[in-house]
Structure formats: structure tokens, C-alpha cells
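Comments concern the structure below.
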Amino acid sequence: MPVRAGETIDPDATRARVLDVAARLFYERSLAAVGMREIASAANASPLTIYRYFESKEGLAEAVVRERSDRIHAWLAAGLAEVPAGRARVTALFDLLTRWFAEQGFRGCAVVNYAADSRGGDSARDITRAHLMRYRKLLQQLLAEAGVADPAPLARQLLLLVEGSTVVTQIDGDGAAGADARAAAETLLDAALARAPGRS
């Protein structure tokens, strides 16, 4: 297989570099606007090498988004681990999101963007559905730890706040969306906790 000048022969390093470059370019400009030759050039890898690892542009995009979903949830887990279990940990999730929204270059959720860029194909739906399910499971866990008796319905509602505030911030750049989502989450959470057995 041909190797570009300066291209590493470590396959793991090359694959990781291609993923990083593709993730940045797709996030900045969308899946449709970025070609494989541009990715190859920016990653200092041959197009043949990329096709060997990922088979197609869609395969590369899927790998990018799966890796991004893993990063997002690892980041959330690490941030939430610093907060004691309970009501504060639920609201801390919204604090983390608000900080993310304020980052320079924020362009929404890469996983949801991928679903839109891919025109909602089966693979895109499956990947995005799995990403959102991970959010729901995390929210259910946080709510159960906080003492909510039936966390599943509230987890669905909080997920709407998470994704809604993400989209609103992406579209209009309004930094208040995260704080608004947090306030709404607090209202819903406090109502659920007030109905919990043993609470007056």
C-alpha cells in the first residue's frame, strides 16, 4: 500500500489521526461539505489508507460519530463524578452542558448533526437513537439516586430539555438556553421529589 511522505506506518495512530481530522472538519462544515481527499490531505494520510480502514465516507462518518458519542458520555461521567449523588448531581448535568454551549466554535451536538447530514438513514438513526438512549439511562440513574420514585418519565422530559437547549443554542447562539433548561429541570425535579414516598 502506498504511504504518503510523512505518513506514519503505525496503523492505530493513523486511524486515530484520521478520526480526529474528520471529526473536526465534519463538525465545522458538515458531512456533505467535506470530501475524502480533503480529509486525507489534512490527516497526512493517503485516500487508499482511509478507505482501507473505513471502506467509505459513510463508514468514516459512522466511526467519527460513535467515537464522539463515547467522548461525550465519558466527559459527562467524569464531570458528574465530582458532584455528590442527589439533586445537585442532576442539575450539575445542565451546568456542564451550559459550559459546553459557551465554548468557542460550538455548533451543536455532533451526533444529532450527523443524523441531519445523513438524511436520516438507518445507520444514522440507529447511532443517534443509541446516543439518546445513553442520555436517558444516565438521567434515569441520576434521578433514581436523587430519590425520584419513577425516574423514566422524568428522564424523557429532561432529555427534551437537554436536546432542545442544545439546538436552540446552536441556531441562535443564545447562551441563556442552558440556564433556562436548568431552571425548567429544577422545577420538574422538585415536583417529582415532592411526590416521592415519605416526603410531605
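Identifiers in the C-alpha cells: chain A, B, ... in order shown; residue index from 1 per chain; ligand index from 1 in order shown.
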
Could you name the residues that touch region 88-93 of chain A at 9 Å or less, counting only C-alpha atoms, but leaving out those on the same chain fewer than 2 positions away, as a PyMOL selection string?
chain A and resi 76+79-86+95-98+139+142-143+145-146+182-183+185-186+189

Please identify all polymer residues within 10 Å of Phe106 (chain A), counting only C-alpha atoms, omitting same-chain residues fewer than 2 positions from it, and present them as a list of chain:residue names.
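Returned residues: A:Tyr27, A:Glu28, A:Trp100, A:Phe101, A:Ala102, A:Glu103, A:Gln104, A:Gly108, A:Cys109, A:Ala110, A:Thr166, A:Thr169, A:Gln170, A:Gly173.
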
Suppose we keep N, CA and C atoms; can you now write the selection as a tab-separated table (two decimals), in the first residue's frame?
```tsv
chain	number	residue	atom	x	y	z
A	27	TYR	N	-17.61	18.57	11.85
A	27	TYR	CA	-18.29	19.42	12.83
A	27	TYR	C	-18.29	20.87	12.39
A	28	GLU	N	-17.19	21.32	11.80
A	28	GLU	CA	-17.09	22.72	11.39
A	28	GLU	C	-17.93	23.03	10.17
A	100	TRP	N	-20.43	23.83	28.02
A	100	TRP	CA	-20.17	23.37	26.65
A	100	TRP	C	-20.75	24.34	25.63
A	101	PHE	N	-21.97	24.82	25.87
A	101	PHE	CA	-22.60	25.75	24.95
A	101	PHE	C	-21.78	27.03	24.80
A	102	ALA	N	-21.07	27.41	25.85
A	102	ALA	CA	-20.31	28.67	25.84
A	102	ALA	C	-18.95	28.54	25.15
A	103	GLU	N	-18.55	27.32	24.79
A	103	GLU	CA	-17.25	27.13	24.16
A	103	GLU	C	-17.21	27.77	22.78
A	104	GLN	N	-16.06	28.34	22.45
A	104	GLN	CA	-15.89	28.92	21.13
A	104	GLN	C	-16.00	27.82	20.07
A	108	GLY	N	-23.48	22.79	18.09
A	108	GLY	CA	-24.48	21.79	18.40
A	108	GLY	C	-23.88	20.43	18.71
A	109	CYS	N	-24.76	19.44	18.77
A	109	CYS	CA	-24.35	18.07	19.06
A	109	CYS	C	-23.92	17.39	17.77
A	110	ALA	N	-22.69	16.90	17.73
A	110	ALA	CA	-22.17	16.27	16.52
A	110	ALA	C	-22.98	15.04	16.13
A	166	THR	N	-29.75	22.45	23.40
A	166	THR	CA	-28.60	22.30	22.51
A	166	THR	C	-28.91	22.87	21.13
A	169	THR	N	-29.36	26.76	21.23
A	169	THR	CA	-28.06	27.44	21.31
A	169	THR	C	-27.33	27.37	19.99
A	170	GLN	N	-27.39	26.23	19.32
A	170	GLN	CA	-26.73	26.08	18.03
A	170	GLN	C	-27.29	27.07	17.01
A	173	GLY	N	-27.41	30.99	19.10
A	173	GLY	CA	-26.27	31.40	19.91
A	173	GLY	C	-26.64	32.02	21.24
```

Could you go through region 24-142 of chain A and tell me which residues DSSP, when run on the backbone, assigns to helix (DSSP H, G or I), listing them as a VMD selection string?
chain A and resid 24 to 29 36 to 43 47 to 54 57 to 81 87 to 101 110 to 117 122 to 142

Residues near Leu132 (chain A), anyone? I mean within 12 Å using only C-alpha atoms, not counting same-chain ones fewer than 6 positions away, as a VMD selection string.
chain A and resid 69 to 70 72 to 73 109 111 to 112 115 125 to 126 138 to 139 155 to 156 158 to 160 162 to 163

Residue neighbourhood region 13-19 of chain A, 12 Å, only C-alpha atoms, exclusion window fewer than 6 positions, as a short mmCIF file (atom, residue, chain, number, x, y, z; two decimals) with N, CA and C atoms, in the first residue's frame:
```cif
data_model
loop_
_atom_site.label_atom_id
_atom_site.label_comp_id
_atom_site.auth_asym_id
_atom_site.auth_seq_id
_atom_site.Cartn_x
_atom_site.Cartn_y
_atom_site.Cartn_z
N VAL A 3 2.37 4.83 0.84
CA VAL A 3 2.40 5.65 2.05
C VAL A 3 2.82 7.05 1.66
N ARG A 4 2.06 8.04 2.09
CA ARG A 4 2.41 9.43 1.80
C ARG A 4 3.66 9.84 2.55
N GLY A 6 5.76 11.47 5.08
CA GLY A 6 5.42 11.93 6.43
C GLY A 6 4.32 11.14 7.09
N GLU A 7 3.69 10.21 6.35
CA GLU A 7 2.61 9.42 6.95
C GLU A 7 3.20 8.35 7.86
N LEU A 25 -13.47 18.51 10.84
CA LEU A 25 -13.98 19.05 9.58
C LEU A 25 -15.48 18.85 9.44
N PHE A 26 -15.97 17.67 9.79
CA PHE A 26 -17.41 17.43 9.72
C PHE A 26 -18.16 18.37 10.66
N TYR A 27 -17.61 18.57 11.85
CA TYR A 27 -18.29 19.42 12.83
C TYR A 27 -18.29 20.87 12.39
N MET A 36 -13.35 13.34 0.92
CA MET A 36 -12.35 12.41 1.44
C MET A 36 -10.93 12.87 1.13
N ARG A 37 -10.72 13.48 -0.03
CA ARG A 37 -9.37 13.96 -0.36
C ARG A 37 -8.92 15.06 0.60
N GLU A 38 -9.84 15.91 0.99
CA GLU A 38 -9.51 16.96 1.96
C GLU A 38 -9.13 16.35 3.30
N ILE A 39 -9.88 15.35 3.72
CA ILE A 39 -9.57 14.68 4.98
C ILE A 39 -8.20 14.02 4.90
N ALA A 40 -7.95 13.33 3.78
CA ALA A 40 -6.66 12.65 3.61
C ALA A 40 -5.51 13.64 3.67
N SER A 41 -5.67 14.78 3.00
CA SER A 41 -4.61 15.78 2.98
C SER A 41 -4.37 16.35 4.38
N ALA A 42 -5.46 16.68 5.08
CA ALA A 42 -5.32 17.28 6.41
C ALA A 42 -4.76 16.28 7.43
N ALA A 43 -5.04 14.99 7.21
CA ALA A 43 -4.57 13.96 8.14
C ALA A 43 -3.22 13.39 7.73
N ASN A 44 -2.67 13.89 6.61
CA ASN A 44 -1.40 13.38 6.08
C ASN A 44 -1.46 11.86 5.91
N ALA A 45 -2.54 11.42 5.28
CA ALA A 45 -2.74 10.00 5.00
C ALA A 45 -3.22 9.85 3.57
N SER A 46 -2.94 8.75 2.96
CA SER A 46 -3.41 8.53 1.60
C SER A 46 -4.89 8.19 1.61
N PRO A 47 -5.63 8.57 0.55
CA PRO A 47 -7.04 8.18 0.46
C PRO A 47 -7.22 6.67 0.55
N THR A 49 -5.48 4.57 2.22
CA THR A 49 -5.37 4.16 3.62
C THR A 49 -6.69 4.39 4.34
N ILE A 50 -7.31 5.54 4.10
CA ILE A 50 -8.58 5.84 4.76
C ILE A 50 -9.65 4.84 4.34
N TYR A 51 -9.71 4.55 3.04
CA TYR A 51 -10.72 3.60 2.56
C TYR A 51 -10.45 2.20 3.11
N ARG A 52 -9.18 1.89 3.34
CA ARG A 52 -8.85 0.58 3.91
C ARG A 52 -9.42 0.46 5.32
N TYR A 53 -9.30 1.53 6.11
CA TYR A 53 -9.76 1.49 7.49
C TYR A 53 -11.29 1.61 7.60
N PHE A 54 -11.89 2.44 6.74
CA PHE A 54 -13.30 2.79 6.93
C PHE A 54 -14.22 2.41 5.77
N LYS A 57 -16.92 6.93 2.88
CA LYS A 57 -17.10 8.16 3.64
C LYS A 57 -18.15 7.95 4.73
N GLY A 59 -18.81 5.16 6.23
CA GLY A 59 -18.18 4.36 7.27
C GLY A 59 -17.30 5.21 8.17
N LEU A 60 -16.59 6.16 7.57
CA LEU A 60 -15.77 7.08 8.35
C LEU A 60 -16.65 7.94 9.24
N ALA A 61 -17.74 8.46 8.68
CA ALA A 61 -18.64 9.31 9.46
C ALA A 61 -19.24 8.54 10.63
N GLU A 62 -19.61 7.28 10.40
CA GLU A 62 -20.15 6.47 11.49
C GLU A 62 -19.12 6.29 12.61
N ALA A 63 -17.89 6.00 12.23
CA ALA A 63 -16.83 5.82 13.22
C ALA A 63 -16.60 7.10 14.00
N VAL A 64 -16.61 8.23 13.31
CA VAL A 64 -16.42 9.53 13.96
C VAL A 64 -17.51 9.77 14.99
N VAL A 65 -18.75 9.51 14.61
CA VAL A 65 -19.87 9.83 15.49
C VAL A 65 -19.95 8.87 16.67
N ARG A 66 -19.65 7.60 16.44
CA ARG A 66 -19.63 6.66 17.56
C ARG A 66 -18.56 7.07 18.58
N GLU A 67 -17.40 7.47 18.07
CA GLU A 67 -16.32 7.90 18.96
C GLU A 67 -16.70 9.18 19.68
N ARG A 68 -17.38 10.10 18.98
CA ARG A 68 -17.82 11.34 19.62
C ARG A 68 -18.85 11.08 20.71
#
```
